[in-house]
>>> print(open('data_16.txt').read())   # compact mmCIF, C-alpha atoms
# COMPACT_ATOMS: atom_id res chain seq x y z
CA MET A 3 -1.26 24.77 -4.51
CA ARG A 4 2.42 24.69 -5.44
CA GLN A 5 2.85 21.51 -3.47
CA HIS A 6 -0.08 19.91 -5.28
CA ARG A 7 1.56 20.64 -8.59
CA PHE A 8 4.72 18.86 -7.46
CA LEU A 9 2.67 15.91 -6.23
CA SER A 10 0.90 15.62 -9.58
CA LEU A 11 4.13 16.04 -11.53
CA SER A 12 5.90 13.30 -9.58
CA ALA A 13 2.83 11.05 -9.88
CA PHE A 14 2.82 11.63 -13.63
CA ILE A 15 6.50 10.66 -13.91
CA CYS A 16 5.92 7.59 -11.74
CA GLY A 17 3.03 6.57 -14.01
CA LEU A 18 5.23 6.96 -17.08
CA LEU A 19 8.07 4.92 -15.56
CA PHE A 20 5.65 2.26 -14.37
CA GLY A 21 4.17 1.98 -17.86
CA VAL A 22 7.56 1.78 -19.55
CA GLY A 23 8.51 -0.92 -17.02
CA LEU A 24 5.38 -2.91 -17.89
CA LEU A 25 6.15 -2.64 -21.61
CA MET A 26 9.78 -3.67 -21.15
CA ALA A 27 8.82 -6.57 -18.88
CA GLY A 28 6.36 -8.03 -21.40
CA MET A 29 3.39 -7.51 -19.08
CA ALA A 30 1.56 -5.47 -21.72
CA ASN A 31 1.40 -8.53 -23.97
CA PRO A 32 -1.57 -10.66 -22.82
CA ALA A 33 -0.19 -13.73 -24.66
CA LYS A 34 2.98 -13.55 -22.52
CA VAL A 35 0.98 -13.18 -19.31
CA LEU A 36 -1.11 -16.23 -20.24
CA GLY A 37 2.13 -18.09 -21.06
CA PHE A 38 3.25 -17.41 -17.49
CA LEU A 39 -0.07 -18.50 -15.97
CA ASP A 40 -0.16 -21.70 -18.08
CA ILE A 41 2.04 -23.82 -15.84
CA ALA A 42 0.67 -27.06 -17.30
CA GLY A 43 1.52 -26.05 -20.86
CA LEU A 44 4.63 -24.50 -22.37
CA TRP A 45 5.57 -22.37 -19.34
CA ASP A 46 7.22 -18.97 -19.74
CA PRO A 47 8.58 -18.00 -16.28
CA SER A 48 9.56 -14.44 -17.32
CA LEU A 49 6.91 -12.71 -15.25
CA ALA A 50 8.21 -14.24 -12.04
CA LEU A 51 11.29 -12.09 -12.66
CA VAL A 52 9.09 -9.01 -12.97
CA MET A 53 7.76 -9.74 -9.49
CA VAL A 54 11.26 -10.31 -8.12
CA GLY A 55 12.65 -7.11 -9.64
CA GLY A 56 9.70 -5.02 -8.52
CA ILE A 57 9.59 -6.40 -5.01
CA VAL A 58 13.34 -6.03 -4.36
CA VAL A 59 13.37 -2.32 -5.22
CA ALA A 60 10.05 -1.55 -3.52
CA PHE A 61 11.14 -3.46 -0.40
CA ILE A 62 14.21 -1.23 -0.09
CA ALA A 63 12.03 1.90 -0.38
CA PHE A 64 9.47 0.73 2.19
CA THR A 65 12.20 -0.28 4.61
CA LEU A 66 14.07 2.98 4.12
CA SER A 67 10.90 5.02 4.70
CA LYS A 68 10.46 3.62 8.21
CA LYS A 69 13.40 5.79 9.27
CA MET A 70 12.00 8.91 7.61
CA PRO A 71 9.64 11.28 9.49
CA HIS A 72 7.56 11.93 6.37
CA SER A 73 7.68 11.48 2.61
CA LEU A 74 9.67 14.04 0.63
CA LEU A 75 6.68 15.98 -0.73
CA GLN A 76 3.95 15.15 1.79
CA PRO A 77 3.61 15.49 5.57
CA LYS A 78 3.07 11.75 5.95
CA PHE A 79 3.31 8.29 4.49
CA ASN A 80 -0.10 6.81 3.72
CA TRP A 81 0.54 3.35 5.15
CA PRO A 82 -2.33 0.98 4.37
CA GLU A 83 -4.06 0.22 7.67
CA ALA A 84 -6.18 -2.85 6.95
CA THR A 85 -4.70 -6.16 8.07
CA ALA A 86 -7.77 -8.40 8.41
CA ILE A 87 -8.40 -11.22 5.95
CA THR A 88 -12.01 -10.45 5.10
CA ARG A 89 -14.62 -12.02 2.87
CA PRO A 90 -14.55 -9.08 0.38
CA LEU A 91 -10.74 -9.52 0.11
CA LEU A 92 -11.11 -13.21 -0.79
CA ILE A 93 -14.15 -12.85 -3.08
CA GLY A 94 -12.64 -9.81 -4.81
CA SER A 95 -9.27 -11.49 -5.36
CA THR A 96 -11.02 -14.57 -6.74
CA LEU A 97 -13.04 -12.54 -9.27
CA PHE A 98 -9.92 -10.56 -10.17
CA GLY A 99 -7.95 -13.77 -10.77
CA LEU A 100 -10.75 -15.13 -12.95
CA GLY A 101 -10.80 -12.01 -15.14
CA TRP A 102 -7.00 -11.90 -15.31
CA GLY A 103 -6.79 -15.56 -16.32
CA LEU A 104 -9.50 -15.22 -18.97
CA VAL A 105 -7.63 -12.66 -21.10
CA GLY A 106 -4.24 -11.98 -19.50
CA LEU A 107 -4.84 -8.31 -18.70
CA CYS A 108 -4.69 -6.58 -15.32
CA PRO A 109 -5.29 -2.84 -14.69
CA GLY A 110 -1.81 -1.40 -15.37
CA PRO A 111 -1.09 -3.14 -18.67
CA ALA A 112 -4.70 -2.53 -19.76
CA LEU A 113 -4.25 1.24 -19.31
CA VAL A 114 -0.94 1.13 -21.21
CA LEU A 115 -2.54 -0.82 -24.07
CA ALA A 116 -5.58 1.45 -24.19
CA GLY A 117 -3.25 4.45 -24.32
CA SER A 118 -1.42 2.97 -27.30
CA GLY A 119 -4.74 2.96 -29.13
CA ALA A 120 -5.26 -0.80 -29.16
CA ILE A 121 -9.02 -1.40 -29.43
CA GLU A 122 -8.77 -4.48 -27.17
CA GLY A 123 -7.22 -2.36 -24.43
CA LEU A 124 -9.87 0.33 -24.82
CA ILE A 125 -12.75 -2.14 -24.53
CA PHE A 126 -11.18 -3.79 -21.50
CA VAL A 127 -10.53 -0.45 -19.76
CA VAL A 128 -14.07 0.87 -20.32
CA PHE A 129 -15.55 -2.25 -18.71
CA MET A 130 -12.89 -2.26 -16.01
CA LEU A 131 -13.91 1.29 -15.02
CA LEU A 132 -17.50 0.08 -14.92
CA GLY A 133 -16.46 -2.76 -12.62
CA LEU A 134 -14.48 -0.44 -10.31
CA ARG A 135 -17.46 1.90 -10.03
CA LEU A 136 -19.90 -0.95 -9.55
CA ALA A 137 -17.82 -2.28 -6.66
CA ASP A 138 -17.84 1.16 -5.01
CA LEU A 139 -21.63 1.26 -5.26
CA VAL A 140 -22.04 -2.27 -3.92
CA MET A 141 -19.67 -1.61 -1.01
CA ALA A 142 -21.45 1.67 -0.17
CA ARG A 143 -24.75 -0.22 -0.04
CA LEU A 144 -23.40 -2.98 2.16
CA SER A 145 -21.81 -0.69 4.73
CA MET B 2 7.85 -27.89 -19.85
CA MET B 3 9.71 -24.60 -20.11
CA ASP B 4 9.10 -22.21 -22.96
CA TRP B 5 12.73 -21.24 -23.68
CA ILE B 6 11.87 -19.45 -26.92
CA ASN B 7 9.65 -16.80 -25.32
CA PHE B 8 11.63 -16.60 -22.04
CA THR B 9 12.95 -13.03 -21.66
CA PRO B 10 14.91 -12.98 -18.40
CA GLN B 11 16.85 -9.73 -18.94
CA GLN B 12 13.96 -7.62 -20.22
CA SER B 13 11.54 -8.93 -17.62
CA LEU B 14 13.93 -8.41 -14.74
CA LEU B 15 14.84 -4.93 -15.99
CA GLY B 16 11.14 -4.10 -16.48
CA GLY B 17 10.44 -5.37 -12.97
CA LEU B 18 13.22 -3.19 -11.54
CA LEU B 19 11.73 -0.19 -13.35
CA ILE B 20 8.27 -0.98 -11.96
CA GLY B 21 9.84 -1.25 -8.51
CA PHE B 22 11.64 2.06 -9.04
CA ALA B 23 8.37 3.81 -10.01
CA THR B 24 6.71 2.27 -6.94
CA ALA B 25 9.60 3.39 -4.72
CA LEU B 26 9.49 6.90 -6.12
CA LEU B 27 5.75 7.33 -5.59
CA TRP B 28 6.17 6.12 -2.03
CA LEU B 29 9.25 8.16 -1.08
CA LEU B 30 8.06 11.37 -2.78
CA ASN B 31 4.27 11.29 -2.42
CA GLY B 32 3.91 8.77 0.40
CA ARG B 33 1.41 6.82 -1.70
CA ILE B 34 1.02 3.16 -2.60
CA ALA B 35 1.32 2.50 -6.35
CA GLY B 36 -1.81 0.37 -6.55
CA ILE B 37 -3.19 0.89 -10.01
CA SER B 38 -6.77 -0.24 -9.43
CA GLY B 39 -7.06 1.92 -6.30
CA ILE B 40 -5.54 4.97 -8.00
CA THR B 41 -7.77 4.54 -11.06
CA ALA B 42 -10.89 4.09 -8.94
CA GLY B 43 -9.86 7.20 -7.00
CA VAL B 44 -9.88 9.26 -10.18
CA LEU B 45 -13.59 8.50 -10.42
CA SER B 46 -14.52 8.78 -6.75
CA SER B 47 -12.25 11.40 -5.13
CA SER B 48 -12.16 15.17 -5.61
CA GLY B 49 -9.80 18.14 -5.43
CA ALA B 50 -6.07 17.51 -4.87
CA GLU B 51 -6.75 13.83 -4.15
CA ARG B 52 -8.09 13.47 -7.64
CA TRP B 53 -5.33 15.42 -9.40
CA TRP B 54 -2.30 13.30 -8.49
CA ARG B 55 -4.26 10.14 -9.29
CA LEU B 56 -5.28 11.52 -12.66
CA ALA B 57 -1.65 12.48 -13.33
CA PHE B 58 -0.44 8.96 -12.49
CA VAL B 59 -3.05 7.32 -14.74
CA LEU B 60 -2.21 9.78 -17.51
CA GLY B 61 1.46 8.80 -17.20
CA LEU B 62 0.54 5.13 -17.61
CA VAL B 63 -1.72 5.87 -20.58
CA LEU B 64 0.97 7.93 -22.33
CA SER B 65 3.86 5.58 -21.54
CA SER B 66 3.66 3.73 -24.86
CA TRP B 67 4.16 7.06 -26.66
CA VAL B 68 7.28 7.78 -24.65
CA TRP B 69 8.47 4.27 -25.50
CA LEU B 70 7.89 5.01 -29.19
CA LEU B 71 10.43 7.84 -29.02
CA TRP B 72 13.17 5.19 -28.69
CA ALA B 73 11.86 1.94 -30.08
CA PRO B 74 8.90 0.33 -31.81
CA LEU B 75 6.29 -1.09 -29.43
CA PRO B 76 6.86 -4.68 -28.35
CA GLU B 77 4.61 -7.34 -29.78
CA VAL B 78 1.07 -7.48 -28.42
CA GLN B 79 -1.09 -10.56 -28.97
CA VAL B 80 -4.66 -10.61 -27.70
CA THR B 81 -6.50 -13.85 -28.34
CA ALA B 82 -9.71 -12.92 -26.49
CA ASN B 83 -12.69 -11.66 -28.51
CA TYR B 84 -14.55 -8.45 -27.63
CA PRO B 85 -17.31 -9.91 -25.43
CA LEU B 86 -14.72 -11.85 -23.43
CA LEU B 87 -12.59 -8.71 -23.03
CA ALA B 88 -15.65 -6.85 -21.74
CA LEU B 89 -16.53 -9.61 -19.27
CA ALA B 90 -12.95 -9.90 -18.03
CA GLY B 91 -12.74 -6.11 -17.72
CA VAL B 92 -15.75 -6.02 -15.40
CA LEU B 93 -14.41 -8.94 -13.36
CA VAL B 94 -10.95 -7.37 -13.02
CA GLY B 95 -12.33 -3.94 -12.08
CA PHE B 96 -14.97 -5.22 -9.69
CA GLY B 97 -12.70 -7.84 -8.14
CA ALA B 98 -9.72 -5.52 -7.65
CA ARG B 99 -11.89 -2.90 -5.97
CA LEU B 100 -13.71 -5.36 -3.74
CA GLY B 101 -10.42 -7.07 -2.89
CA SER B 102 -8.69 -3.72 -2.20
CA GLY B 103 -6.00 -4.18 -4.82
CA CYS B 104 -4.54 -5.91 -7.84
CA THR B 105 -1.19 -7.21 -9.10
CA SER B 106 0.51 -3.90 -8.25
CA GLY B 107 -1.10 -2.93 -4.94
CA HIS B 108 -1.10 -6.42 -3.41
CA GLY B 109 1.46 -8.22 -5.60
CA ILE B 110 4.27 -5.64 -5.59
CA CYS B 111 3.54 -3.12 -2.80
CA GLY B 112 1.84 -5.48 -0.34
CA LEU B 113 4.43 -8.24 -0.63
CA SER B 114 7.27 -5.68 -0.30
CA ARG B 115 5.68 -4.39 2.91
CA LEU B 116 5.45 -8.01 4.11
CA SER B 117 1.67 -7.67 4.48
CA GLY B 118 -0.04 -10.97 5.32
CA ARG B 119 -3.32 -9.66 3.93
CA SER B 120 -1.69 -8.88 0.57
CA LEU B 121 0.02 -12.28 0.54
CA VAL B 122 -3.37 -13.98 0.93
CA ALA B 123 -4.83 -11.79 -1.83
CA THR B 124 -1.88 -12.43 -4.18
CA VAL B 125 -1.88 -16.20 -3.66
CA THR B 126 -5.66 -16.21 -4.20
CA PHE B 127 -5.71 -14.32 -7.49
CA MET B 128 -2.61 -16.08 -8.81
CA ALA B 129 -4.08 -19.49 -8.02
CA VAL B 130 -7.46 -18.62 -9.54
CA ALA B 131 -5.79 -17.21 -12.67
CA VAL B 132 -3.64 -20.36 -13.07
CA VAL B 133 -6.69 -22.60 -12.66
CA THR B 134 -8.68 -20.45 -15.11
CA VAL B 135 -5.96 -20.71 -17.77
CA PHE B 136 -5.71 -24.47 -17.13
CA ILE B 137 -9.46 -24.94 -17.64
CA VAL B 138 -9.63 -22.73 -20.74
CA ARG B 139 -6.52 -24.18 -22.42
CA HIS B 140 -6.51 -27.81 -21.38
CA LEU B 141 -10.04 -28.83 -20.40
CA LEU B 142 -12.42 -26.89 -22.66
>>> encode(input="data_16.txt", output="C-alpha cells")
Amino acid sequence: MRQHRFLSLSAFICGLLFGVGLLMAGMANPAKVLGFLDIAGLWDPSLALVMVGGIVVAFIAFTLSKKMPHSLLQPKFNWPEATAITRPLLIGSTLFGLGWGLVGLCPGPALVLAGSGAIEGLIFVVFMLLGLRLADLVMARLS
Amino acid sequence: MMDWINFTPQQSLLGGLLIGFATALLWLLNGRIAGISGITAGVLSSSGAERWWRLAFVLGLVLSSWVWLLWAPLPEVQVTANYPLLALAGVLVGFGARLGSGCTSGHGICGLSRLSGRSLVATVTFMAVAVVTVFIVRHLL
C-alpha cells in the first residue's frame, strides 16, 4: 500500500512536469502546432526542438536503465514488448495523424488545455476519451 | 519559408528537456512509459493500483496549468477549429492513438528514445499524415 502511494505521488509529479513542459514548449497552443505541421506555408520549426530536447533526455534515461536491475520504486521496468509493424499500428497512426492535423491537438496538450478550463480542450478531451474507449471495444471484438 | 516571428527556440528546447525529464523520471522511478494516450486509456480500463498511478499522472497533467499560473500568466492559446471539428478530431486522435498503441509521447518521445523501429514507423506515419492534412486544409481547400 505504502509503495502504491509513492508510485502515485511520483506519477503525479511526472504529470505536472510533463504538462509544464508542454506549456513552455508551445505544444499547448494548437496554432503553433499547426504552424509546425504547415511546411508549405510559413513554417515554425520550434516543435522539432521539443522532440530533440525530449528525446535526448529520455534516451539517457532508457540507456541508463539497462544497467539497473529494476526501477527505483518498482520490481521491474515495463519494457514495451511489441516490435511487429502491424495493420492496427499503421491504421491507428494514420487516423491519429489526421485528427492531429485537423486541429493541432494531441492527447497531452488536450488534457492540459482542458484542465485550464478552455472549452475547446474540454470538448476535445471528452470525444478523445470516447475514441480511446471505442478502440478498446473494437480491439476486444476483433481478438 | 521560415516563420521567424513565431519561432521560439529557447522555450521549445527547454520545454522539450522538461518533457524528457518527466519521461525519464517516470521510467527510472516507476518503470513505466510516459505514453499519454495509453495512460489515459488505462484510467478507464484498468483497476486497483494500476488505475491509481495512471489517474495521478493524468491529474498532474490536468492541473499543470494551475501550477504554471503560480509563476506566470498562461501562454497564448489559439484554437481555430470549431466545436464539431474539435469533436471529430478528438474521436480520431483517441481511437487512432489506442489502435496504433501510442501517440506523440509514447511513440514520438519514448519509442524513438528506445530506438524502436515500430515507434519510428508509427511516428513517421502520423507526422506525414498530419503534414498532408494541414497542407490540404490550408492550401487546397
>>> atom_distance(input="data_16.txt", atom1="atom CA of Ala27 of chain A", atom2="atom CA of Ala42 of chain B")
24.5 Å
>>> closest_residue(input="data_16.txt", among="B:Gly103, B:Gly109, B:Pro74, B:Gly97", to="chain A", atoms="all atoms listed in the file")
B:Gly97
>>> atom_distance(input="data_16.txt", atom1="atom CA of Asn83 of chain B", atom2="atom CA of Val105 of chain A")
9.0 Å
>>> closest_residue(input="data_16.txt", among="A:Arg4, A:Lys68, A:Arg135, A:Arg143", to="chain B", atoms="all atoms listed in the file")
A:Arg135
>>> residues_around(input="data_16.txt", residues="Ile110 of chain B", least_positions_apart="6", cutoff="8 Å", atoms="all atoms listed in the file", output="number ranges by chain")
A: 53, 56-57, 60; B: 21
>>> write_last_selection(input="data_16.txt", atoms="C-alpha atoms", output="PDB file, in the frame of the given file")
ATOM      1  CA  MET A  53       7.760  -9.740  -9.490  1.00  0.00           C
ATOM      2  CA  GLY A  56       9.700  -5.020  -8.520  1.00  0.00           C
ATOM      3  CA  ILE A  57       9.590  -6.400  -5.010  1.00  0.00           C
ATOM      4  CA  ALA A  60      10.050  -1.550  -3.520  1.00  0.00           C
TER       5      ALA A  60
ATOM      6  CA  GLY B  21       9.840  -1.250  -8.510  1.00  0.00           C
TER       7      GLY B  21
END
>>> residues_around(input="data_16.txt", residues="Met128 of chain B", least_positions_apart="3", cutoff="12 Å", atoms="all atoms listed in the file", output="VMD selection string")
(chain A and resid 35 to 36 38 to 41 49 to 50 95 to 103 106 108) or (chain B and resid 104 to 105 108 to 109 120 to 125 131 to 135)
>>> atom_distance(input="data_16.txt", atom1="atom CA of Asn31 of chain B", atom2="atom CA of Ser10 of chain A")
9.0 Å
>>> closest_residue(input="data_16.txt", among="B:Val68, B:Ile20, B:Ile6, B:Ser38", to="Gly91 of chain B", atoms="all atoms listed in the file")
B:Ser38
>>> closest_residue(input="data_16.txt", among="B:Gly107, B:Arg33, B:Pro76, B:Leu45", to="Gln12 of chain B", atoms="all atoms listed in the file")
B:Pro76
>>> closest_residue(input="data_16.txt", among="B:Leu142, B:Ile137, B:Leu56, B:Ala90", to="chain A", atoms="only C-alpha atoms")
B:Ala90
>>> residues_around(input="data_16.txt", residues="Pro10 of chain B", least_positions_apart="5", cutoff="12 Å", atoms="all atoms listed in the file", output="ChimeraX atom specification")
/A:26-28,46-55 /B:4-5,15-17
>>> residues_around(input="data_16.txt", residues="Cys16 of chain A", least_positions_apart="6", cutoff="9 Å", atoms="only C-alpha atoms", output="number ranges by chain")
B: 20, 22-27, 35, 58, 61-62
>>> residues_around(input="data_16.txt", residues="Arg99 of chain B", least_positions_apart="2", cutoff="7 Å", atoms="all atoms listed in the file", output="list in words")
Leu134 and Ala137 of chain A; Ser38, Gly39, Gly95, Phe96, Gly97, Gly101, Ser102 and Gly103 of chain B
>>> residues_near_point(input="data_16.txt", point="(0.3, -12.3, -25.4)", cutoff="9 Å", atoms="only C-alpha atoms", output="PDB file with C-alpha atoms, in the frame of the given file")
ATOM      1  CA  GLY A  28       6.360  -8.030 -21.400  1.00  0.00           C
ATOM      2  CA  MET A  29       3.390  -7.510 -19.080  1.00  0.00           C
ATOM      3  CA  ALA A  30       1.560  -5.470 -21.720  1.00  0.00           C
ATOM      4  CA  ASN A  31       1.400  -8.530 -23.970  1.00  0.00           C
ATOM      5  CA  PRO A  32      -1.570 -10.660 -22.820  1.00  0.00           C
ATOM      6  CA  ALA A  33      -0.190 -13.730 -24.660  1.00  0.00           C
ATOM      7  CA  LYS A  34       2.980 -13.550 -22.520  1.00  0.00           C
ATOM      8  CA  VAL A  35       0.980 -13.180 -19.310  1.00  0.00           C
ATOM      9  CA  LEU A  36      -1.110 -16.230 -20.240  1.00  0.00           C
ATOM     10  CA  GLY A  37       2.130 -18.090 -21.060  1.00  0.00           C
ATOM     11  CA  GLY A 106      -4.240 -11.980 -19.500  1.00  0.00           C
TER      12      GLY A 106
ATOM     13  CA  GLU B  77       4.610  -7.340 -29.780  1.00  0.00           C
ATOM     14  CA  VAL B  78       1.070  -7.480 -28.420  1.00  0.00           C
ATOM     15  CA  GLN B  79      -1.090 -10.560 -28.970  1.00  0.00           C
ATOM     16  CA  VAL B  80      -4.660 -10.610 -27.700  1.00  0.00           C
ATOM     17  CA  THR B  81      -6.500 -13.850 -28.340  1.00  0.00           C
TER      18      THR B  81
END
>>> closest_residue(input="data_16.txt", among="A:Gly94, A:Leu66, A:Gln5, A:Ile121", to="chain B", atoms="all atoms listed in the file")
A:Gly94
>>> residues_near_point(input="data_16.txt", point="(-3.9, 5.0, 4.1)", cutoff="12 Å", atoms="all atoms listed in the file", output="mmCIF file with C-alpha atoms, in the frame of the given file")
data_model
loop_
_atom_site.group_PDB
_atom_site.id
_atom_site.type_symbol
_atom_site.label_atom_id
_atom_site.label_comp_id
_atom_site.auth_asym_id
_atom_site.auth_seq_id
_atom_site.Cartn_x
_atom_site.Cartn_y
_atom_site.Cartn_z
ATOM 1 C CA LYS A 78 3.070 11.750 5.950
ATOM 2 C CA PHE A 79 3.310 8.290 4.490
ATOM 3 C CA ASN A 80 -0.100 6.810 3.720
ATOM 4 C CA TRP A 81 0.540 3.350 5.150
ATOM 5 C CA PRO A 82 -2.330 0.980 4.370
ATOM 6 C CA GLU A 83 -4.060 0.220 7.670
ATOM 7 C CA ALA A 84 -6.180 -2.850 6.950
ATOM 8 C CA THR A 85 -4.700 -6.160 8.070
ATOM 9 C CA TRP B 28 6.170 6.120 -2.030
ATOM 10 C CA GLY B 32 3.910 8.770 0.400
ATOM 11 C CA ARG B 33 1.410 6.820 -1.700
ATOM 12 C CA ILE B 34 1.020 3.160 -2.600
ATOM 13 C CA ALA B 35 1.320 2.500 -6.350
ATOM 14 C CA GLY B 36 -1.810 0.370 -6.550
ATOM 15 C CA GLY B 39 -7.060 1.920 -6.300
ATOM 16 C CA SER B 102 -8.690 -3.720 -2.200
#
>>> axis_aligned_box(input="data_16.txt", around="segment 63-69 of chain B", padding_each_side="3 Å", output="JSON")
{"center_x": 3.4, "center_y": 5.8, "center_z": -23.6, "size_x": 16.2, "size_y": 10.2, "size_z": 12.1}
>>> build_atoms(input="data_16.txt", residues="segment 110-124 of chain A", atoms="N, CA and C atoms", output="PDB file, in the coordinates of the input")
ATOM      1  N   GLY A 110      -2.914  -2.195 -14.831  1.00  0.00           N
ATOM      2  CA  GLY A 110      -1.810  -1.400 -15.370  1.00  0.00           C
ATOM      3  C   GLY A 110      -1.581  -1.619 -16.854  1.00  0.00           C
ATOM      4  N   PRO A 111      -1.285  -2.859 -17.249  1.00  0.00           N
ATOM      5  CA  PRO A 111      -1.090  -3.140 -18.670  1.00  0.00           C
ATOM      6  C   PRO A 111      -2.286  -2.748 -19.532  1.00  0.00           C
ATOM      7  N   ALA A 112      -3.505  -2.892 -18.995  1.00  0.00           N
ATOM      8  CA  ALA A 112      -4.700  -2.530 -19.760  1.00  0.00           C
ATOM      9  C   ALA A 112      -4.678  -1.027 -20.075  1.00  0.00           C
ATOM     10  N   LEU A 113      -4.300  -0.207 -19.086  1.00  0.00           N
ATOM     11  CA  LEU A 113      -4.250   1.240 -19.310  1.00  0.00           C
ATOM     12  C   LEU A 113      -3.159   1.600 -20.323  1.00  0.00           C
ATOM     13  N   VAL A 114      -2.026   0.892 -20.251  1.00  0.00           N
ATOM     14  CA  VAL A 114      -0.940   1.130 -21.210  1.00  0.00           C
ATOM     15  C   VAL A 114      -1.404   0.786 -22.625  1.00  0.00           C
ATOM     16  N   LEU A 115      -2.053  -0.378 -22.755  1.00  0.00           N
ATOM     17  CA  LEU A 115      -2.540  -0.820 -24.070  1.00  0.00           C
ATOM     18  C   LEU A 115      -3.586   0.131 -24.621  1.00  0.00           C
ATOM     19  N   ALA A 116      -4.525   0.524 -23.756  1.00  0.00           N
ATOM     20  CA  ALA A 116      -5.580   1.450 -24.190  1.00  0.00           C
ATOM     21  C   ALA A 116      -4.947   2.750 -24.662  1.00  0.00           C
ATOM     22  N   GLY A 117      -3.923   3.210 -23.957  1.00  0.00           N
ATOM     23  CA  GLY A 117      -3.250   4.450 -24.320  1.00  0.00           C
ATOM     24  C   GLY A 117      -2.550   4.360 -25.666  1.00  0.00           C
ATOM     25  N   SER A 118      -2.097   3.156 -26.018  1.00  0.00           N
ATOM     26  CA  SER A 118      -1.420   2.970 -27.300  1.00  0.00           C
ATOM     27  C   SER A 118      -2.412   2.972 -28.452  1.00  0.00           C
ATOM     28  N   GLY A 119      -3.707   2.930 -28.111  1.00  0.00           N
ATOM     29  CA  GLY A 119      -4.740   2.960 -29.130  1.00  0.00           C
ATOM     30  C   GLY A 119      -5.269   1.596 -29.522  1.00  0.00           C
ATOM     31  N   ALA A 120      -4.792   0.550 -28.838  1.00  0.00           N
ATOM     32  CA  ALA A 120      -5.260  -0.800 -29.160  1.00  0.00           C
ATOM     33  C   ALA A 120      -6.732  -0.942 -28.738  1.00  0.00           C
ATOM     34  N   ILE A 121      -7.581  -1.310 -29.683  1.00  0.00           N
ATOM     35  CA  ILE A 121      -9.020  -1.400 -29.430  1.00  0.00           C
ATOM     36  C   ILE A 121      -9.328  -2.389 -28.304  1.00  0.00           C
ATOM     37  N   GLU A 122      -8.541  -3.492 -28.235  1.00  0.00           N
ATOM     38  CA  GLU A 122      -8.770  -4.480 -27.170  1.00  0.00           C
ATOM     39  C   GLU A 122      -8.558  -3.857 -25.791  1.00  0.00           C
ATOM     40  N   GLY A 123      -7.512  -3.036 -25.698  1.00  0.00           N
ATOM     41  CA  GLY A 123      -7.220  -2.360 -24.430  1.00  0.00           C
ATOM     42  C   GLY A 123      -8.318  -1.377 -24.066  1.00  0.00           C
ATOM     43  N   LEU A 124      -8.821  -0.657 -25.059  1.00  0.00           N
ATOM     44  CA  LEU A 124      -9.870   0.330 -24.820  1.00  0.00           C
ATOM     45  C   LEU A 124     -11.145  -0.339 -24.317  1.00  0.00           C
TER      46      LEU A 124
END
